[in-house]
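For reference, entry29.txt (compact mmCIF, C-alpha atoms and all ligand atoms):
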# COMPACT_ATOMS: atom_id res chain seq x y z
CA MET I 1 2.99 -5.90 -28.47
CA GLN I 2 1.19 -4.25 -31.38
CA THR I 3 -2.33 -3.14 -30.44
CA ILE I 4 -5.10 -1.83 -32.64
CA LEU I 5 -7.42 0.03 -30.29
CA SER I 6 -11.13 -0.32 -30.89
CA PRO I 7 -12.58 3.03 -32.18
CA GLU I 8 -14.29 3.76 -28.84
CA PHE I 9 -10.89 3.93 -27.09
CA GLN I 10 -8.81 5.53 -29.85
CA ASN I 11 -9.35 9.13 -28.86
CA THR I 12 -9.29 8.70 -25.12
CA SER I 13 -6.39 9.66 -22.88
CA PHE I 14 -6.48 6.29 -21.07
CA GLY I 15 -6.70 4.39 -24.40
CA ARG I 16 -3.54 6.06 -25.69
CA GLU I 17 -1.80 5.47 -22.37
CA ALA I 18 -2.75 1.78 -22.40
CA GLU I 19 -1.60 1.41 -25.99
CA ALA I 20 1.81 2.91 -25.15
CA ILE I 21 2.19 0.50 -22.22
CA LEU I 22 1.09 -2.49 -24.31
CA ARG I 23 3.65 -1.64 -27.00
CA GLN I 24 6.45 -2.04 -24.46
CA CYS I 25 5.55 -5.64 -23.60
CA VAL I 26 7.61 -8.14 -25.62
CA HIS I 27 5.66 -11.11 -24.26
CA CYS I 28 8.77 -12.76 -22.78
CA GLY I 29 6.97 -14.01 -19.65
CA PHE I 30 9.82 -13.29 -17.19
CA CYS I 31 7.21 -11.56 -15.03
CA ASN I 32 5.26 -14.80 -14.44
CA ALA I 33 8.05 -16.10 -12.20
CA ALA I 34 7.55 -13.14 -9.82
CA CYS I 35 3.76 -13.38 -9.73
CA PRO I 36 2.16 -14.83 -6.57
CA THR I 37 -1.13 -15.74 -8.25
CA TYR I 38 0.63 -17.47 -11.14
CA GLN I 39 2.68 -19.44 -8.63
CA LEU I 40 -0.44 -20.48 -6.69
CA LEU I 41 -2.77 -21.20 -9.60
CA GLY I 42 -0.40 -22.08 -12.45
CA ASP I 43 -2.77 -20.58 -15.04
CA GLU I 44 -1.29 -18.25 -17.68
CA LEU I 45 -4.35 -15.99 -17.33
CA ASP I 46 -3.61 -15.60 -13.60
CA GLY I 47 -0.18 -14.20 -14.34
CA PRO I 48 0.83 -10.74 -15.60
CA ARG I 49 1.49 -11.75 -19.21
CA GLY I 50 -1.94 -13.38 -19.50
CA ARG I 51 -3.69 -10.45 -17.85
CA ILE I 52 -1.91 -8.03 -20.19
CA TYR I 53 -3.20 -10.09 -23.09
CA LEU I 54 -6.75 -10.05 -21.72
CA ILE I 55 -6.65 -6.25 -21.34
CA LYS I 56 -5.27 -5.88 -24.88
CA GLN I 57 -8.15 -7.98 -26.23
CA VAL I 58 -10.72 -5.86 -24.39
CA LEU I 59 -9.19 -2.62 -25.68
CA GLU I 60 -9.23 -4.08 -29.19
CA GLY I 61 -12.97 -4.63 -28.91
CA VAL I 62 -13.38 -8.22 -27.66
CA PRO I 63 -16.27 -8.14 -25.15
CA PRO I 64 -15.02 -9.00 -21.63
CA THR I 65 -16.77 -11.72 -19.64
CA ARG I 66 -17.12 -12.64 -15.97
CA GLN I 67 -14.09 -14.85 -16.51
CA THR I 68 -12.03 -11.87 -17.74
CA GLN I 69 -13.15 -9.95 -14.65
CA LEU I 70 -12.21 -12.83 -12.36
CA HIS I 71 -8.64 -13.05 -13.70
CA LEU I 72 -8.23 -9.29 -13.21
CA ASP I 73 -9.84 -9.45 -9.73
CA ARG I 74 -7.35 -12.12 -8.68
CA CYS I 75 -4.43 -9.78 -9.31
CA LEU I 76 -3.05 -8.38 -6.03
CA THR I 77 -1.72 -5.19 -7.69
CA CYS I 78 1.50 -6.04 -5.85
CA ARG I 79 3.56 -4.92 -8.89
CA GLY I 80 6.17 -7.60 -8.29
CA CYS I 81 5.96 -8.17 -12.04
CA GLU I 82 7.04 -4.57 -12.72
CA THR I 83 10.25 -5.03 -10.73
CA THR I 84 11.07 -8.13 -12.79
CA CYS I 85 10.10 -6.84 -16.24
CA PRO I 86 13.15 -6.06 -18.41
CA SER I 87 11.09 -3.80 -20.71
CA GLY I 88 9.78 -1.46 -18.00
CA VAL I 89 6.10 -2.29 -18.62
CA ARG I 90 3.93 -0.23 -16.23
CA TYR I 91 1.63 -3.13 -15.50
CA GLY I 92 -0.08 -1.54 -12.47
CA ARG I 93 -1.31 1.39 -14.50
CA LEU I 94 -2.48 -0.89 -17.32
CA LEU I 95 -4.38 -3.02 -14.83
CA ASP I 96 -6.15 0.05 -13.39
CA ILE I 97 -7.29 0.98 -16.91
CA GLY I 98 -8.31 -2.60 -17.74
CA ARG I 99 -10.31 -2.95 -14.54
CA GLN I 100 -12.16 0.33 -15.15
CA VAL I 101 -13.15 -0.72 -18.68
CA VAL I 102 -14.21 -4.22 -17.65
CA GLU I 103 -16.16 -2.90 -14.64
CA GLN I 104 -18.28 -0.73 -16.94
CA ARG I 105 -19.08 -3.67 -19.23
CA VAL I 106 -19.49 -6.69 -16.96
CA PRO I 107 -22.18 -6.46 -14.27
CA ARG I 108 -21.39 -8.16 -10.99
CA PRO I 109 -23.87 -10.27 -9.00
CA VAL I 110 -25.77 -8.17 -6.46
CA SER I 111 -24.07 -9.74 -3.41
CA GLU I 112 -20.61 -9.00 -4.83
CA GLN I 113 -21.59 -5.48 -5.76
CA ARG I 114 -22.92 -4.85 -2.25
CA LEU I 115 -19.72 -6.08 -0.63
CA ARG I 116 -17.58 -3.88 -2.88
CA ASP I 117 -19.83 -0.86 -2.22
CA TRP I 118 -19.56 -1.47 1.50
CA LEU I 119 -15.76 -1.67 1.31
CA ARG I 120 -15.57 1.46 -0.86
CA ARG I 121 -17.78 3.51 1.42
CA GLY I 122 -17.29 1.91 4.82
CA LEU I 123 -13.54 1.61 5.31
CA ALA I 124 -12.70 5.24 4.56
CA SER I 125 -15.79 6.67 6.25
CA SER I 126 -15.81 8.58 9.51
CA LEU I 127 -17.99 5.80 10.96
CA PHE I 128 -15.24 3.20 10.63
CA GLY I 129 -13.45 4.37 13.80
CA PRO I 130 -16.54 4.26 16.08
CA ALA I 131 -17.59 0.88 14.59
CA LEU I 132 -14.11 -0.51 15.22
CA ARG I 133 -14.10 0.76 18.82
CA LEU I 134 -17.45 -0.95 19.36
CA GLY I 135 -15.99 -4.23 18.06
CA GLN I 136 -12.91 -3.76 20.25
CA SER I 137 -15.01 -3.34 23.39
CA ALA I 138 -16.70 -6.68 22.68
CA ARG I 139 -13.52 -8.33 21.37
CA GLY I 140 -13.26 -10.87 24.20
CA LEU I 141 -16.73 -12.20 23.40
CA LEU I 142 -16.19 -12.62 19.66
CA PRO I 143 -15.56 -16.02 18.02
CA THR I 144 -11.87 -16.59 17.15
CA THR I 145 -12.15 -15.94 13.39
CA LEU I 146 -13.94 -12.64 13.94
CA ARG I 147 -11.66 -11.65 16.82
CA GLN I 148 -8.65 -12.09 14.51
CA GLN I 149 -10.06 -9.34 12.27
CA VAL I 150 -10.49 -6.85 15.13
CA PRO I 151 -7.16 -5.58 16.48
CA ALA I 152 -6.95 -4.87 20.21
CA ARG I 153 -7.35 -1.21 21.14
CA GLN I 154 -4.05 0.63 21.15
CA PRO I 155 -3.15 3.80 23.06
CA ALA I 156 -1.70 6.47 20.78
CA GLY I 157 0.46 8.26 23.34
CA GLN I 158 1.35 11.95 23.24
CA TRP I 159 1.80 14.11 20.18
CA PRO I 160 5.02 16.15 20.64
CA ARG I 161 4.55 19.82 21.58
CA GLN I 162 7.88 21.27 20.44
CA THR I 163 8.05 23.39 17.32
CA HIS I 164 10.92 23.20 14.81
CA ALA I 165 12.00 25.22 11.80
CA ARG I 166 11.83 22.04 9.69
CA LYS I 167 8.20 21.06 9.14
CA VAL I 168 6.55 18.22 7.24
CA LEU I 169 2.91 17.40 6.55
CA LEU I 170 1.72 13.94 7.54
CA LEU I 171 -0.99 12.02 5.69
CA ALA I 172 -3.20 11.09 8.66
CA GLY I 173 -4.88 8.25 6.73
CA CYS I 174 -8.24 6.60 7.37
CA VAL I 175 -8.08 2.91 8.35
CA GLN I 176 -4.65 3.20 9.99
CA ARG I 177 -5.68 6.14 12.16
CA ALA I 178 -8.49 4.02 13.62
CA MET I 179 -6.73 0.65 13.81
CA ALA I 180 -3.24 1.66 14.89
CA PRO I 181 -3.24 5.31 16.04
CA ASN I 182 0.18 4.88 17.62
CA ILE I 183 1.84 4.77 14.18
CA ASN I 184 1.11 8.45 13.52
CA THR I 185 2.07 9.63 16.99
CA ALA I 186 5.23 7.47 16.96
CA THR I 187 6.13 9.04 13.59
CA ALA I 188 5.67 12.53 15.04
CA ARG I 189 7.76 11.66 18.15
CA VAL I 190 10.63 10.13 16.16
CA LEU I 191 10.67 13.04 13.70
CA ASP I 192 10.55 15.45 16.66
CA ALA I 193 13.69 13.77 18.01
CA ALA I 194 15.27 14.38 14.60
CA GLY I 195 14.36 18.09 14.79
CA ILE I 196 11.41 17.90 12.40
CA GLN I 197 7.90 19.07 13.30
CA THR I 198 4.97 17.02 12.00
CA VAL I 199 1.87 18.95 10.94
CA LEU I 200 -1.61 17.48 10.38
CA ALA I 201 -3.54 19.57 7.84
CA ARG I 202 -7.27 19.97 8.42
CA GLY I 203 -9.62 18.51 5.82
CA GLN I 204 -7.40 15.64 4.64
CA GLY I 205 -8.71 12.08 4.53
CA CYS I 206 -8.24 8.79 2.73
CA CYS I 207 -5.51 8.88 0.05
CA GLY I 208 -8.03 7.51 -2.49
CA ALA I 209 -6.39 4.10 -2.95
CA LEU I 210 -9.35 2.09 -1.61
CA LYS I 211 -11.76 3.50 -4.19
CA HIS I 212 -9.19 3.72 -6.98
CA HIS I 213 -8.29 0.02 -6.72
CA LEU I 214 -11.97 -0.97 -6.51
CA ALA I 215 -12.47 0.60 -9.98
CA ASP I 216 -14.21 3.70 -8.56
CA ALA I 217 -12.00 6.23 -10.34
CA LYS I 218 -14.41 9.12 -9.75
CA GLY I 219 -14.61 8.55 -5.97
CA GLY I 220 -10.83 8.09 -5.70
CA LEU I 221 -10.13 11.32 -7.62
CA ALA I 222 -12.51 13.27 -5.35
CA GLN I 223 -10.51 12.12 -2.30
CA MET I 224 -7.24 13.06 -3.99
CA ARG I 225 -8.50 16.59 -4.77
CA ALA I 226 -9.67 17.01 -1.14
CA ASN I 227 -6.18 16.12 0.14
CA ILE I 228 -4.53 18.50 -2.30
CA ASP I 229 -6.87 21.29 -1.14
CA ALA I 230 -6.00 20.54 2.50
CA TRP I 231 -2.24 20.47 1.91
CA TRP I 232 -1.92 23.26 -0.62
CA PRO I 233 -1.87 26.30 1.75
CA HIS I 234 1.07 24.70 3.65
CA ILE I 235 2.91 23.93 0.41
CA GLU I 236 2.22 27.27 -1.26
CA SER I 237 3.46 29.22 1.74
CA GLY I 238 6.65 27.13 1.83
CA ARG I 239 5.95 26.01 5.41
CA ALA I 240 6.16 22.28 4.67
CA GLU I 241 9.22 20.72 3.04
CA ALA I 242 7.58 17.33 2.35
CA ILE I 243 4.43 15.23 2.74
CA ILE I 244 5.28 12.23 4.87
CA ILE I 245 3.37 8.98 4.50
CA ASN I 246 3.85 6.12 6.92
CA ALA I 247 1.73 3.52 5.09
CA SER I 248 3.55 2.52 1.92
CA GLY I 249 0.28 1.63 0.15
CA CYS I 250 -0.97 5.20 0.63
CA GLY I 251 2.45 6.58 -0.34
CA ALA I 252 2.33 4.73 -3.65
CA MET I 253 -1.07 6.31 -4.32
CA VAL I 254 -0.03 9.88 -3.46
CA LYS I 255 2.98 9.51 -5.76
CA GLU I 256 0.47 8.95 -8.58
CA TYR I 257 -1.68 12.04 -7.96
CA GLY I 258 0.26 14.03 -10.55
CA HIS I 259 -0.32 11.44 -13.23
CA LEU I 260 -3.95 10.74 -12.43
CA LEU I 261 -4.95 14.42 -12.31
CA ARG I 262 -2.79 15.52 -15.25
CA ASP I 263 -5.78 16.35 -17.46
CA GLU I 264 -7.53 18.59 -14.90
CA PRO I 265 -6.47 22.22 -15.46
CA ARG I 266 -7.34 23.26 -11.89
CA TYR I 267 -5.40 20.46 -10.22
CA ALA I 268 -2.71 19.26 -12.63
CA ASP I 269 0.14 21.49 -11.38
CA ARG I 270 -0.78 21.15 -7.71
CA ALA I 271 -1.12 17.37 -7.98
CA ALA I 272 2.28 17.14 -9.68
CA ARG I 273 3.82 19.20 -6.85
CA VAL I 274 2.15 17.04 -4.20
CA SER I 275 3.54 13.87 -5.80
CA GLU I 276 6.95 15.47 -5.97
CA LEU I 277 6.83 16.27 -2.24
CA ALA I 278 5.45 12.87 -1.17
CA ARG I 279 7.96 10.79 0.82
CA ASP I 280 7.64 7.52 2.63
CA VAL I 281 8.92 8.03 6.17
CA ALA I 282 11.71 5.56 5.30
CA GLU I 283 13.14 8.27 3.03
CA LEU I 284 13.86 10.34 6.16
CA LEU I 285 15.79 7.49 7.76
CA PRO I 286 19.21 9.07 7.11
CA ASP I 287 18.10 12.13 9.17
CA ILE I 288 16.48 9.93 11.80
CA ALA I 289 19.52 7.62 12.08
CA ALA I 290 21.87 10.60 12.50
CA ALA I 291 19.69 12.04 15.27
CA LEU I 292 19.04 8.79 17.14
CA SER I 293 22.53 7.34 16.97
CA GLY I 294 23.54 6.45 20.54
CA ARG I 295 20.07 7.32 21.87
CA LEU I 296 18.38 3.92 21.53
CA ARG I 297 18.05 1.19 24.12
CA GLN I 298 19.41 -2.21 23.04
CA HIS I 299 17.05 -4.83 21.67
CA SER I 300 18.09 -8.42 22.03
CA GLY I 301 15.32 -10.41 20.25
CA ILE I 302 15.11 -11.23 16.54
CA LEU I 303 13.44 -8.51 14.48
CA ALA I 304 11.84 -10.12 11.42
CA TRP I 305 11.18 -7.83 8.47
CA HIS I 306 8.34 -7.97 5.97
CA ALA I 307 8.86 -5.47 3.13
CA PRO I 308 5.43 -4.49 1.75
CA CYS I 309 5.05 -4.77 -2.03
CA THR I 310 4.17 -1.10 -2.21
CA LEU I 311 7.46 -0.22 -0.49
CA GLN I 312 9.72 -2.46 -2.57
CA HIS I 313 7.94 -2.59 -5.95
CA ALA I 314 5.80 0.55 -6.23
CA LEU I 315 8.01 3.05 -4.37
CA GLY I 316 11.30 1.35 -5.23
CA LEU I 317 12.50 1.59 -1.61
CA GLY I 318 13.58 -2.04 -1.16
CA GLY I 319 16.48 -2.12 1.33
CA ALA I 320 15.93 1.41 2.70
CA VAL I 321 14.46 0.40 6.06
CA GLU I 322 16.94 -2.47 6.49
CA ALA I 323 19.89 -0.09 5.88
CA GLY I 324 18.53 2.63 8.18
CA LEU I 325 17.82 0.30 11.08
CA ARG I 326 21.12 -1.52 10.62
CA ALA I 327 22.88 1.84 10.99
CA LEU I 328 21.12 2.16 14.34
CA GLY I 329 22.26 -1.28 15.50
CA LEU I 330 18.94 -2.97 14.77
CA PRO I 331 19.54 -5.62 12.09
CA LEU I 332 16.40 -6.94 10.45
CA ARG I 333 15.92 -10.53 9.34
CA PRO I 334 14.00 -10.80 6.06
CA ALA I 335 11.71 -13.74 5.22
CA ALA I 336 13.86 -16.85 4.68
CA GLN I 337 12.39 -17.28 1.18
CA ASP I 338 10.25 -15.32 -1.28
CA ALA I 339 10.79 -11.97 0.50
CA HIS I 340 9.71 -10.28 -2.75
CA LEU I 341 6.28 -11.99 -2.72
CA CYS I 342 3.07 -10.38 -1.46
CA CYS I 343 1.70 -11.38 1.97
CA GLY I 344 -1.83 -11.46 0.52
CA SER I 345 -3.14 -8.32 2.19
CA ALA I 346 -3.28 -6.00 -0.83
CA GLY I 347 -5.93 -3.58 0.42
CA THR I 348 -9.35 -5.17 0.19
CA TYR I 349 -7.98 -8.33 -1.46
CA SER I 350 -7.99 -10.16 1.89
CA VAL I 351 -11.78 -9.77 1.94
CA LEU I 352 -12.56 -10.15 -1.76
CA GLN I 353 -10.16 -13.05 -2.48
CA ALA I 354 -10.00 -14.51 1.02
CA ASN I 355 -8.79 -17.97 0.06
CA LEU I 356 -5.81 -16.85 -2.05
CA SER I 357 -5.03 -14.18 0.51
CA ARG I 358 -4.88 -16.70 3.38
CA ARG I 359 -2.62 -19.03 1.39
CA LEU I 360 -0.19 -16.20 0.69
CA ARG I 361 -0.25 -15.12 4.34
CA ASP I 362 0.51 -18.65 5.59
CA HIS I 363 3.41 -18.88 3.14
CA LYS I 364 4.78 -15.49 4.23
CA LEU I 365 4.47 -16.20 7.96
CA ALA I 366 6.12 -19.60 7.63
CA HIS I 367 9.20 -17.86 6.18
CA LEU I 368 9.10 -14.96 8.62
CA GLN I 369 8.62 -16.99 11.79
CA GLY I 370 11.00 -19.87 11.10
CA GLU I 371 10.55 -23.52 12.03
CA ARG I 372 12.56 -23.87 15.22
CA THR I 373 11.70 -22.14 18.50
CA ALA I 374 15.17 -20.56 18.51
CA ASP I 375 14.36 -18.88 15.16
CA ARG I 376 11.18 -17.23 16.40
CA PRO I 377 11.21 -13.44 16.06
CA ALA I 378 10.40 -11.23 19.06
CA VAL I 379 8.63 -8.83 16.71
CA ILE I 380 7.73 -8.73 13.02
CA LEU I 381 8.25 -5.25 11.57
CA SER I 382 6.67 -3.85 8.44
CA ALA I 383 5.74 -0.52 6.84
CA ASN I 384 2.11 -0.69 5.76
CA ILE I 385 -1.02 -0.95 7.91
CA GLY I 386 -2.69 -3.41 5.52
CA CYS I 387 0.17 -5.91 5.83
CA ILE I 388 0.50 -5.30 9.59
CA ALA I 389 -3.19 -6.00 10.31
CA HIS I 390 -3.31 -8.97 7.92
CA LEU I 391 -0.24 -10.69 9.39
CA GLN I 392 -1.11 -9.78 12.97
CA ALA I 393 -4.42 -11.66 12.75
CA VAL I 394 -2.61 -15.01 13.00
CA ALA I 395 1.08 -14.26 13.67
CA GLN I 396 2.72 -15.72 16.77
CA ALA I 397 4.68 -12.51 17.42
CA PRO I 398 3.49 -8.90 17.57
CA VAL I 399 3.50 -7.18 14.16
CA ARG I 400 4.35 -3.48 14.21
CA HIS I 401 5.48 -0.58 12.07
CA TRP I 402 9.26 -0.08 12.25
CA ILE I 403 8.77 3.55 13.34
CA GLU I 404 6.95 2.30 16.47
CA MET I 405 9.97 0.17 17.32
CA LEU I 406 12.30 3.17 17.10
CA ASP I 407 9.87 5.23 19.17
CA GLU I 408 9.75 2.55 21.86
CA LEU I 409 13.54 2.24 22.02
CA MET I 410 14.25 5.97 22.24
CA MET I 411 15.77 6.74 25.65
CA GLN I 412 14.70 10.39 25.93
CA LYS I 413 11.60 11.78 24.30
S1 LIG I 501 8.30 -9.39 -18.32
FE1 LIG I 501 7.57 -7.45 -19.15
S2 LIG I 501 7.85 -7.61 -21.35
FE2 LIG I 501 7.99 -9.69 -20.55
S3 LIG I 501 5.85 -10.47 -20.68
FE3 LIG I 501 6.09 -9.60 -18.65
S4 LIG I 501 5.35 -7.50 -18.86
FE4 LIG I 501 5.74 -8.25 -20.95
S1 LIG I 502 0.65 -7.19 -9.77
FE1 LIG I 502 1.31 -8.98 -8.57
S2 LIG I 502 -0.42 -10.44 -8.68
FE2 LIG I 502 -0.75 -8.88 -10.28
S3 LIG I 502 0.13 -9.77 -12.13
FE3 LIG I 502 1.76 -8.50 -11.19
S4 LIG I 502 2.91 -9.92 -9.87
FE4 LIG I 502 0.94 -10.93 -10.39
Output the file's structure as C-alpha cells, nothing else.
Amino acid sequence: MQTILSPEFQNTSFGREAEAILRQCVHCGFCNAACPTYQLLGDELDGPRGRIYLIKQVLEGVPPTRQTQLHLDRCLTCRGCETTCPSGVRYGRLLDIGRQVVEQRVPRPVSEQRLRDWLRRGLASSLFGPALRLGQSARGLLPTTLRQQVPARQPAGQWPRQTHARKVLLLAGCVQRAMAPNINTATARVLDAAGIQTVLARGQGCCGALKHHLADAKGGLAQMRANIDAWWPHIESGRAEAIIINASGCGAMVKEYGHLLRDEPRYADRAARVSELARDVAELLPDIAAALSGRLRQHSGILAWHAPCTLQHALGLGGAVEAGLRALGLPLRPAAQDAHLCCGSAGTYSVLQANLSRRLRDHKLAHLQGERTADRPAVILSANIGCIAHLQAVAQAPVRHWIEMLDELMMQK
C-alpha cells in the first residue's frame, strides 16, 4: 500500500518503520477472517485491514478523531491477523505506532483517562499485591461479580534449594506474582527436576507490556531498561543460559526489547541480547519431557487446552505445549472450534472493552467446556496469567498454567 507520510513523520524512526510495514499490505483482506472484533462487529473498520487504513490516513496527515481512537481501542492486539497474512505485515507493531500517534492528538474524556492511568500505575505497582490480599481476605463477603474478579488466595509452595550447573533467569512478573504465585514456584520445581536452576534477579519488575499497550511508550521503556539492568550481570558473566518467561504475554514483550530499544546507544546491544535469550518455558519442554518421562502420576480427567494468542501468534509456539505434554502421556483437548481466536482477556482489554471481552470469553468457554456433562474437562490449561484469570472468573473447571499441572503430577520433588 503506497503511503505518502505527512512531513511531521517523514524523518522519524517510527514513521519510516510504519511506512515500510504499510508498503507490505496488499489490501487483500484475508486477515479479516481471523479477526475476533471483525467477526463480532462486522464493521470493516473493526478489522485489521480497516485499522491499517485508518493508521495510514493518520500518518498521511488526516486528523484522527474519537472514532479513529475507538476502532484502534477495540483491537485486542491478539495478532491473529499476522498469522493469517500472506504478505507478512507486522500489524502489531503498526498498531502500537498508530495508537501512540492518535493518543497524542485525541484527548480522552477525564473518566476514561483516569481509568487508564489507574491501570497503568496500579497493576504493576508494589501496592497491587497487598490490595489483592485485602480483597482476598474479604472475598466471601463480596457480591458475585466482584468476587469473580478476585482470585482465591493460593499457596506458592517451596522454592527448590538444589543448585545446578545449568542456570536460567526467570522473569518474576508483576500481576502474576500476586495473583498466582504458584506458577513461578512450580516453574522452578519442574526445572529443578530437569536439572536446571531458576534464578530470580533483584531489581526486575513488570515486563513493560501494560504501559506499552496503553500507549505509554516512555513508561514501558523505563521498565524494560530496569529489567535489562537487573539481568545484565547474570548474562555478562555467562551464569544464565536463558531468560525464562512463564506468561506468554510478557514473553512476547521481552522478545521485542531489542527492537524497541534499538535507537538507544546505551541499551541497544544489551536489549538485543536479552531478546535473543528470552524463552517461553514451553521452549524448554523437550528437556522437561526427557527428565520427567516415567516420573508423573496418571491423570484420568479431560485436560482442555486454551492456547493464548501471545503464545500461538506472537511467539509462534502454537503446538509446542500440546506436543510436549503428549510426550508425557497428557493429551490436551483444544477448543472444539475457533481455537485460534482470542479469549477476550488481552491485558487490560477485559476492563476497557468489557462487553466485547465477555462475549469472546463466553464463546471460548463454550468451545472449551463442551455441551454434554461427559465432555466437561477436569481442568482447563493455559500459558498466560491474563487468560487464566479471565477464564477462571466464570469457568466451571479450574483454570491453571500447564507447568502447575506437571508440578502437581511429579512423583518425587
Ligand atoms: S492479510 Fe495482510 S496484506 Fe492482506 S489486507 Fe490483511 S494485512 Fe494487508
Ligand atoms: S490484532 Fe486481533 S483484534 Fe486486532 S486487528 Fe488483528 S486479529 Fe483483529
Given all atoms listed in the file as the basis, pick out the residue of I:Gln69, I:Gln113, I:Asn11, I:Ser237 nearest to Leu95 in chain I. I:Gln69
Around ligand LIG 501 (chain I), out to 10 Å and counting all atoms listed in the file, which residues are there? I want them as a PyMOL selection string. chain I and resi 1+21-35+47-53+81-91
Cut-off 8 Å around (-10.2, -0.5, 21.1) with only C-alpha atoms: residues as a PyMOL selection string: chain I and resi 132-137+151-154
CA of Thr198 in chain I and CA of Arg161 in chain I, how far apart in Å? 10.0 Å
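Minimum distance to ligand LIG 502 (chain I) across I:Ala138, I:Leu45, I:Val150, I:Leu5 (counting all atoms listed in the file) occurs at I:Leu45.
Residues lying within 7 Å of (-0.8, -7.2, 4.3). Counted over all atoms listed in the file, they are I:Cys343, I:Gly344, I:Ser345, I:Ala346, I:Gly386, I:Cys387, I:Ile388, I:Ala389, I:His390, I:Leu391.
Ranking I:Thr185, I:Gln2, I:Gln369, I:Ser357 by their shortest atom-to-atom distance to ligand LIG 502 (chain I), with only C-alpha atoms and all ligand atoms included, puts I:Ser357 first.
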Restricting the calculation to all atoms listed in the file: of I:Val190, I:Leu59, I:Cys206, I:Cys75, which residue gets closest to Leu296 in chain I? I:Val190
From the set I:Leu169, I:Ala226, I:Ile183, I:Ala271, which residue has the shortest atom-to-atom contact distance to Met405 in chain I, counting all atoms listed in the file?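 Ranked by minimum distance to Met405 in chain I, first place goes to I:Ile183.
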In Å and to one decimal, CA of Leu330 in chain I is distant from CA of Leu368 in chain I by 16.7 Å
Within 8 Å of His299 in chain I, counting only C-alpha atoms, which residues qualify if same-chain residues fewer than 2 places away don't, as an NGL selection string? :I and (297 or 301 or 330 or 409)
Contacts of range 280-287 of chain I at 6 Å (all atoms listed in the file; same-chain gap of 5+ positions) as a VMD selection string: chain I and resid 244 to 246 321 324
Who sits within 12 Å of His363 in chain I, only C-alpha atoms, same chain under 3 positions skipped, as a list in words: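 Final neighbour list, sorted by chain and number: Pro36, Gln39, Leu40, Ala335, Ala336, Gln337, Asp338, Ala339, Leu341, Cys342, Cys343, Gly344, Leu356, Ser357, Arg358, Arg359, Leu360, Ala366, His367, Leu368, Gln369, Gly370, Leu391 and Ala395 of chain I.
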Of the listed residues I:Gln223, I:Thr373, I:Thr310, I:Asn184, that which approaches Thr77 in chain I most closely, counting all atoms listed in the file: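 Once distances to Thr77 in chain I are computed over all atoms listed in the file, the minimum belongs to I:Thr310.
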If I take CA of Ala201 in chain I and CA of Ala240 in chain I, how far is one from the other in Å, to one decimal?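 The value is 10.6 Å.
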Close residues, Met253 in chain I itself excluded, 9 Å, all atoms listed in the file, min 5 positions apart in chain, as a ChimeraX atom specification: /I:207-209,212,248,275
Polymer residues at most 9 Å from Glu276 in chain I, all atoms listed in the file, same-chain spacing of 2 or more positions, as a list of chain:residue names: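 Here the answer would be I:Ala242, I:Lys255, I:Gly258, I:Ala271, I:Ala272, I:Arg273, I:Val274, I:Ala278, I:Arg279.
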